[in-house]
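Peer 1: I have a structure here, written as C-alpha cells, and I will follow up with some questions on it.
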Amino acid sequence: STVEQGGNYYTPASLPIIERAVQRAVEQGDPFDLEFEIITAKGNLRSVHAIGSADLARRKVSGFFQDITERKKAEQSLRQSEEKFSKAFQTSPYAVTITHAEDGRFVEVNEAFTTIAGYTREEALADSSIGLKMWVNETERQRVVDDLRAGRAVAGHEYRFRTKSGKEIMGLFSAQIIRLSRGTCIFSSINDITESKHAQGVLVQAERLAAVGRLAATLAHEINTPLQAVVGCLGLAMEALPKDTEAGWYLSVATEELERAARIVRRIRDLGRQG
C-alpha cells in the first residue's frame with residue numbers, strides 16, 4: 001500500500017496513527033484530519049497536517065500533507081512562555097493581579113494576593129477592586145488608570161489599600177497596561193510595606209529623641225557652668241555676712257535653690273549623654 005511504501009518517512013509513533021486512519025477510510029469511508037511527524041529524505045524531522053478522504057468504489061485514498069513545523073515550534077514556544085509567566089505570576093511574593101482597566105474587575109490574582117488582601121481567588125474573580133473597596137482613596141486608582149493610558153509610567157508608588165478585614169496597609173504599587181482578548185487590562189503588583197514603614201517611623205522617632213538628648217546634654221553643660229559660678233559667688237557673699245541677718249538668710253535660700261537647679265541640670269546632662 002501507499003502507507004507501506006512511505007513507511008520509512010513516518011516516525012515509529014506516527015506510522016500506526018496514519019495506518020489506522022487509512023484503513024478506516026478504505027473500509028468505512030471515514031475522512032481523516034491528522035497531525036503527526038515524518039522524517040524527510042534528508043533525515044529532518046518535520047511536523048505535518050494530513051487531510052484525506054476515500055473513494056470506496058475504487059478503494060483509493062487521496063489527500064495532502066501540509067508542513068506545519070514552524071507553527072508547531074511557535075505553539076511550543078508560546079506554551080513555554082505561558083508556563084514561565086504562570087510560574088512567575090503565582091510564586092511572586094507580591095500581590096499580583098490582572099484587572100479590567102475600565103471597571104477594575106479581576107481577571108486573575110495570585111496566591112500572595114489572597115494572603116495579603118484576605119479574599120479567596122473565587123471572591124476576587126467574582127468582583128472588582130472597586131466593588132471590594134480595596135483602594136482607600138478611589139481617586140488614586142483613577143489617576144493610575146489615566147497615567148497608564150497616557151503612557152506615563154507607574155512604578156514604585158505608595159498607596160493605601162484596604163483588606164477584607166478592614167485593615168489598611170501601605171503598598172508599593174507598580175502597574176502597566178496589557179492587551180488581552182477580554183480588552184484593555186492592568187497588570188499590577190503590590191508590595192506590602194506596612195511593617196517596614198512602621199519600623200522606619202520608629203527609627204526616625206528614635207533618631208529624633210537621640211538628637212533631642214544630645215541637644216539637652218549640650219544645653220545642660222552650658223547652663224551648669226554659670227550656675228556653679230553663681231553658687232560660688234553666693235557662698236563667698238554668705239561668708240562676708242553674719243549668718244543671723246536677714247540678708248544672710250536670703251543668700252542661704254538662694255544658694256540652696258541654685259544648688260537644686262544645678263543638680264537637675266546635671267541629671268539632664270547625664271541622661272542626654274546616655275541617650
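A note on labels: chains of the C-alpha cells are A, B, ... as shown, every chain counts residues from 1, and ligands are counted from 1 in their shown order.
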Using only C-alpha atoms, which residues sit within 12 Å of stretch 86-94 of chain A once same-chain residues fewer than 2 positions away are excluded, as a ChimeraX atom specification?

Peer 2: /A:79-84,96-98,108-117,121,171-174,187-193

Peer 1: Taking N, CA, C and O atoms for each residue, export the selection above as a short mmCIF file (atom, residue, chain, number, x, y, z; two decimals), in the first residue's frame.

Peer 2:
data_model
loop_
_atom_site.label_atom_id
_atom_site.label_comp_id
_atom_site.auth_asym_id
_atom_site.auth_seq_id
_atom_site.Cartn_x
_atom_site.Cartn_y
_atom_site.Cartn_z
N ARG A 79 3.62 28.04 24.56
CA ARG A 79 3.26 27.28 25.76
C ARG A 79 4.32 27.44 26.83
O ARG A 79 4.02 27.60 28.02
N GLN A 80 5.59 27.39 26.42
CA GLN A 80 6.68 27.54 27.39
C GLN A 80 6.67 28.93 28.02
O GLN A 80 6.89 29.08 29.22
N SER A 81 6.39 29.94 27.19
CA SER A 81 6.32 31.31 27.71
C SER A 81 5.17 31.46 28.70
O SER A 81 5.31 32.10 29.75
N GLU A 82 4.03 30.84 28.36
CA GLU A 82 2.87 30.90 29.24
C GLU A 82 3.15 30.19 30.56
O GLU A 82 2.73 30.64 31.63
N GLU A 83 3.87 29.06 30.48
CA GLU A 83 4.21 28.32 31.69
C GLU A 83 5.14 29.15 32.58
O GLU A 83 4.97 29.20 33.80
N LYS A 84 6.13 29.79 31.96
CA LYS A 84 7.06 30.63 32.72
C LYS A 84 6.32 31.80 33.36
O LYS A 84 6.55 32.13 34.53
N VAL A 96 -0.04 40.08 43.04
CA VAL A 96 -0.08 40.37 41.61
C VAL A 96 -1.49 40.13 41.09
O VAL A 96 -2.11 39.09 41.38
N THR A 97 -2.00 41.08 40.32
CA THR A 97 -3.37 40.96 39.79
C THR A 97 -3.42 41.42 38.34
O THR A 97 -2.57 42.19 37.88
N ILE A 98 -4.44 40.94 37.64
CA ILE A 98 -4.80 41.44 36.32
C ILE A 98 -6.25 41.89 36.43
O ILE A 98 -7.12 41.11 36.81
N GLU A 108 -7.48 37.85 37.04
CA GLU A 108 -6.70 36.81 37.72
C GLU A 108 -5.97 37.42 38.91
O GLU A 108 -5.62 38.61 38.90
N VAL A 109 -5.74 36.63 39.95
CA VAL A 109 -4.97 37.05 41.12
C VAL A 109 -4.05 35.90 41.51
O VAL A 109 -4.33 34.74 41.20
N ASN A 110 -2.95 36.22 42.17
CA ASN A 110 -2.04 35.15 42.59
C ASN A 110 -2.25 34.82 44.07
O ASN A 110 -3.06 35.45 44.77
N GLU A 111 -1.51 33.84 44.55
CA GLU A 111 -1.67 33.36 45.92
C GLU A 111 -1.31 34.44 46.94
O GLU A 111 -1.95 34.57 47.99
N ALA A 112 -0.26 35.22 46.64
CA ALA A 112 0.14 36.28 47.57
C ALA A 112 -0.97 37.30 47.75
O ALA A 112 -1.14 37.86 48.84
N PHE A 113 -1.76 37.53 46.70
CA PHE A 113 -2.88 38.46 46.81
C PHE A 113 -3.89 37.95 47.84
O PHE A 113 -4.38 38.73 48.67
N THR A 114 -4.21 36.67 47.77
CA THR A 114 -5.19 36.12 48.72
C THR A 114 -4.67 36.22 50.15
O THR A 114 -5.45 36.42 51.08
N THR A 115 -3.36 36.07 50.33
CA THR A 115 -2.77 36.14 51.67
C THR A 115 -2.79 37.58 52.19
O THR A 115 -3.18 37.83 53.34
N ILE A 116 -2.40 38.52 51.35
CA ILE A 116 -2.30 39.92 51.77
C ILE A 116 -3.67 40.58 51.89
O ILE A 116 -3.97 41.26 52.87
N ALA A 117 -4.52 40.37 50.88
CA ALA A 117 -5.83 41.03 50.85
C ALA A 117 -6.87 40.32 51.70
O ALA A 117 -7.84 40.93 52.14
N ARG A 121 -9.52 33.49 45.93
CA ARG A 121 -9.45 33.76 44.50
C ARG A 121 -10.86 33.86 43.92
O ARG A 121 -11.13 34.74 43.09
N GLY A 171 1.04 49.98 50.44
CA GLY A 171 1.58 49.14 49.38
C GLY A 171 2.44 49.92 48.41
O GLY A 171 2.13 51.07 48.06
N LEU A 172 3.54 49.30 47.99
CA LEU A 172 4.39 49.87 46.94
C LEU A 172 3.85 49.31 45.63
O LEU A 172 3.99 48.13 45.34
N PHE A 173 3.23 50.17 44.83
CA PHE A 173 2.40 49.76 43.69
C PHE A 173 3.08 50.04 42.36
O PHE A 173 3.62 51.13 42.14
N SER A 174 3.06 49.03 41.48
CA SER A 174 3.57 49.19 40.11
C SER A 174 2.56 48.58 39.16
O SER A 174 1.90 47.58 39.50
N PHE A 187 -1.97 45.08 34.50
CA PHE A 187 -1.16 44.09 35.22
C PHE A 187 -0.45 44.85 36.33
O PHE A 187 0.32 45.77 36.07
N SER A 188 -0.71 44.48 37.58
CA SER A 188 -0.16 45.27 38.69
C SER A 188 0.37 44.38 39.80
O SER A 188 0.02 43.20 39.90
N SER A 189 1.24 44.97 40.61
CA SER A 189 1.77 44.27 41.77
C SER A 189 1.79 45.22 42.96
O SER A 189 1.99 46.43 42.81
N ILE A 190 1.55 44.64 44.14
CA ILE A 190 1.56 45.41 45.38
C ILE A 190 2.52 44.75 46.35
O ILE A 190 2.34 43.59 46.73
N ASN A 191 3.54 45.50 46.75
CA ASN A 191 4.48 45.03 47.77
C ASN A 191 4.04 45.64 49.10
O ASN A 191 4.08 46.85 49.29
N ASP A 192 3.60 44.78 50.02
CA ASP A 192 3.12 45.26 51.33
C ASP A 192 4.31 45.76 52.15
O ASP A 192 5.14 44.98 52.60
N ILE A 193 4.38 47.08 52.34
CA ILE A 193 5.49 47.67 53.08
C ILE A 193 5.01 48.26 54.41
O ILE A 193 5.68 49.10 55.00
#

Peer 1: Enumerate as a list in words all residues of stretch 175-267 of chain A assigned to strand (DSSP E or B) by DSSP on the backbone, naming them with the chain letters and numbers the document uses.

Peer 2: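 Answer for stretch 175-267 of chain A restricted to strand (DSSP E or B) is Ala175, Gln176, Ile177, Ile178, Arg179, Leu180, Gly183, Thr184, Cys185, Ile186, Phe187, Ser188, Ser189, Ile190, Asn191 and Asp192 of chain A.
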
Peer 1: Dump N, CA and C atoms for the selected residues as an mmCIF file, in the first residue's frame?

Peer 2:
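The result, stored in part.cif:
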data_model
loop_
_atom_site.group_PDB
_atom_site.id
_atom_site.type_symbol
_atom_site.label_atom_id
_atom_site.label_comp_id
_atom_site.auth_asym_id
_atom_site.auth_seq_id
_atom_site.Cartn_x
_atom_site.Cartn_y
_atom_site.Cartn_z
ATOM 1 N N ALA A 175 2.425 49.144 37.962
ATOM 2 C CA ALA A 175 1.430 48.631 37.022
ATOM 3 C C ALA A 175 1.787 48.994 35.594
ATOM 4 N N GLN A 176 1.197 48.227 34.652
ATOM 5 C CA GLN A 176 1.335 48.541 33.235
ATOM 6 C C GLN A 176 0.114 48.023 32.486
ATOM 7 N N ILE A 177 -0.138 48.628 31.355
ATOM 8 C CA ILE A 177 -1.271 48.236 30.508
ATOM 9 C C ILE A 177 -0.898 46.990 29.702
ATOM 10 N N ILE A 178 -1.826 46.022 29.618
ATOM 11 C CA ILE A 178 -1.648 44.869 28.736
ATOM 12 C C ILE A 178 -2.932 44.694 27.923
ATOM 13 N N ARG A 179 -2.778 44.165 26.725
ATOM 14 C CA ARG A 179 -3.938 43.948 25.848
ATOM 15 C C ARG A 179 -4.255 42.457 25.820
ATOM 16 N N LEU A 180 -5.455 42.109 26.239
ATOM 17 C CA LEU A 180 -5.916 40.727 26.215
ATOM 18 C C LEU A 180 -7.148 40.613 25.332
ATOM 19 N N GLY A 183 -10.015 42.577 26.457
ATOM 20 C CA GLY A 183 -9.959 44.030 26.412
ATOM 21 C C GLY A 183 -8.709 44.569 27.077
ATOM 22 N N THR A 184 -8.707 45.874 27.321
ATOM 23 C CA THR A 184 -7.564 46.530 27.956
ATOM 24 C C THR A 184 -7.558 46.216 29.444
ATOM 25 N N CYS A 185 -6.429 45.690 29.921
ATOM 26 C CA CYS A 185 -6.318 45.300 31.321
ATOM 27 C C CYS A 185 -5.088 45.942 31.962
ATOM 28 N N ILE A 186 -5.050 45.882 33.270
ATOM 29 C CA ILE A 186 -3.916 46.406 34.028
ATOM 30 C C ILE A 186 -3.251 45.257 34.771
ATOM 31 N N PHE A 187 -1.967 45.085 34.497
ATOM 32 C CA PHE A 187 -1.160 44.094 35.215
ATOM 33 C C PHE A 187 -0.453 44.846 36.331
ATOM 34 N N SER A 188 -0.711 44.482 37.580
ATOM 35 C CA SER A 188 -0.162 45.266 38.690
ATOM 36 C C SER A 188 0.373 44.376 39.798
ATOM 37 N N SER A 189 1.236 44.967 40.611
ATOM 38 C CA SER A 189 1.774 44.267 41.767
ATOM 39 C C SER A 189 1.787 45.217 42.958
ATOM 40 N N ILE A 190 1.549 44.638 44.140
ATOM 41 C CA ILE A 190 1.556 45.411 45.378
ATOM 42 C C ILE A 190 2.520 44.749 46.352
ATOM 43 N N ASN A 191 3.536 45.499 46.753
ATOM 44 C CA ASN A 191 4.477 45.033 47.769
ATOM 45 C C ASN A 191 4.043 45.636 49.102
ATOM 46 N N ASP A 192 3.603 44.783 50.025
ATOM 47 C CA ASP A 192 3.120 45.255 51.326
ATOM 48 C C ASP A 192 4.309 45.757 52.149
#

Peer 1: Counting only C-alpha atoms, what is within 8 Å of stretch 45-62 of chain A, bar same-chain residues fewer than 2 positions away, as an NGL selection string?

Peer 2: :A and (22 or 25-40 or 43 or 64-69 or 72)

Peer 1: A:Thr255: which residues within 8 Å, counting only C-alpha atoms, same-chain residues fewer than 3 positions away excluded, as a PyMOL selection string?

Peer 2: chain A and resi 231+234-235+251-252+258-259

Peer 1: Would you mind exporting the chosen residues as a PDB file, in the first residue's frame, restricted to N, CA and C atoms?

Peer 2:
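Printed below is again_12.pdb as written:
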ATOM      1  N   VAL A 231      26.662  79.978  92.299  1.00  0.00           N
ATOM      2  CA  VAL A 231      26.657  79.333  93.628  1.00  0.00           C
ATOM      3  C   VAL A 231      27.929  79.673  94.385  1.00  0.00           C
ATOM      4  N   LEU A 234      27.737  83.271  95.661  1.00  0.00           N
ATOM      5  CA  LEU A 234      26.827  83.382  96.795  1.00  0.00           C
ATOM      6  C   LEU A 234      27.488  82.854  98.058  1.00  0.00           C
ATOM      7  N   GLY A 235      28.253  81.797  97.891  1.00  0.00           N
ATOM      8  CA  GLY A 235      28.953  81.260  99.057  1.00  0.00           C
ATOM      9  C   GLY A 235      29.932  82.254  99.643  1.00  0.00           C
ATOM     10  N   LEU A 251      20.473  84.864 101.237  1.00  0.00           N
ATOM     11  CA  LEU A 251      21.568  84.279 100.465  1.00  0.00           C
ATOM     12  C   LEU A 251      21.614  82.757 100.628  1.00  0.00           C
ATOM     13  N   SER A 252      21.303  82.294 101.840  1.00  0.00           N
ATOM     14  CA  SER A 252      21.294  80.850 102.100  1.00  0.00           C
ATOM     15  C   SER A 252      20.210  80.152 101.282  1.00  0.00           C
ATOM     16  N   LEU A 258      19.698  77.322  93.994  1.00  0.00           N
ATOM     17  CA  LEU A 258      20.592  77.231  92.837  1.00  0.00           C
ATOM     18  C   LEU A 258      21.293  75.880  92.796  1.00  0.00           C
ATOM     19  N   GLU A 259      21.647  75.352  93.968  1.00  0.00           N
ATOM     20  CA  GLU A 259      22.276  74.031  94.009  1.00  0.00           C
ATOM     21  C   GLU A 259      21.285  72.962  93.529  1.00  0.00           C
TER      22      GLU A 259
END

Peer 1: For a test of reading the model, state the distance in Å between atom CA of A:Asp127 and atom CA of A:Val145, rounded to one decimal.

Peer 2: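 Interatomic distance, atom CA of A:Asp127 to atom CA of A:Val145: 18.2 Å.
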
Peer 1: Please determine, counting only C-alpha atoms, which residue among A:Gln142, A:Thr225, A:Thr218, A:Asn137 has the shortest atom-to-atom distance to A:Ile268.

Peer 2: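 Counting only C-alpha atoms, the residue closest to A:Ile268 is A:Thr218.
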
Peer 1: Could you write out, as an MDAnalysis selection string, all the residues of stretch 16-204 of chain A that DSSP marks as alpha helix (DSSP H)?

Peer 2: chainID A and resid 16:28 69:91 111:117 121:125 138:149 194:204
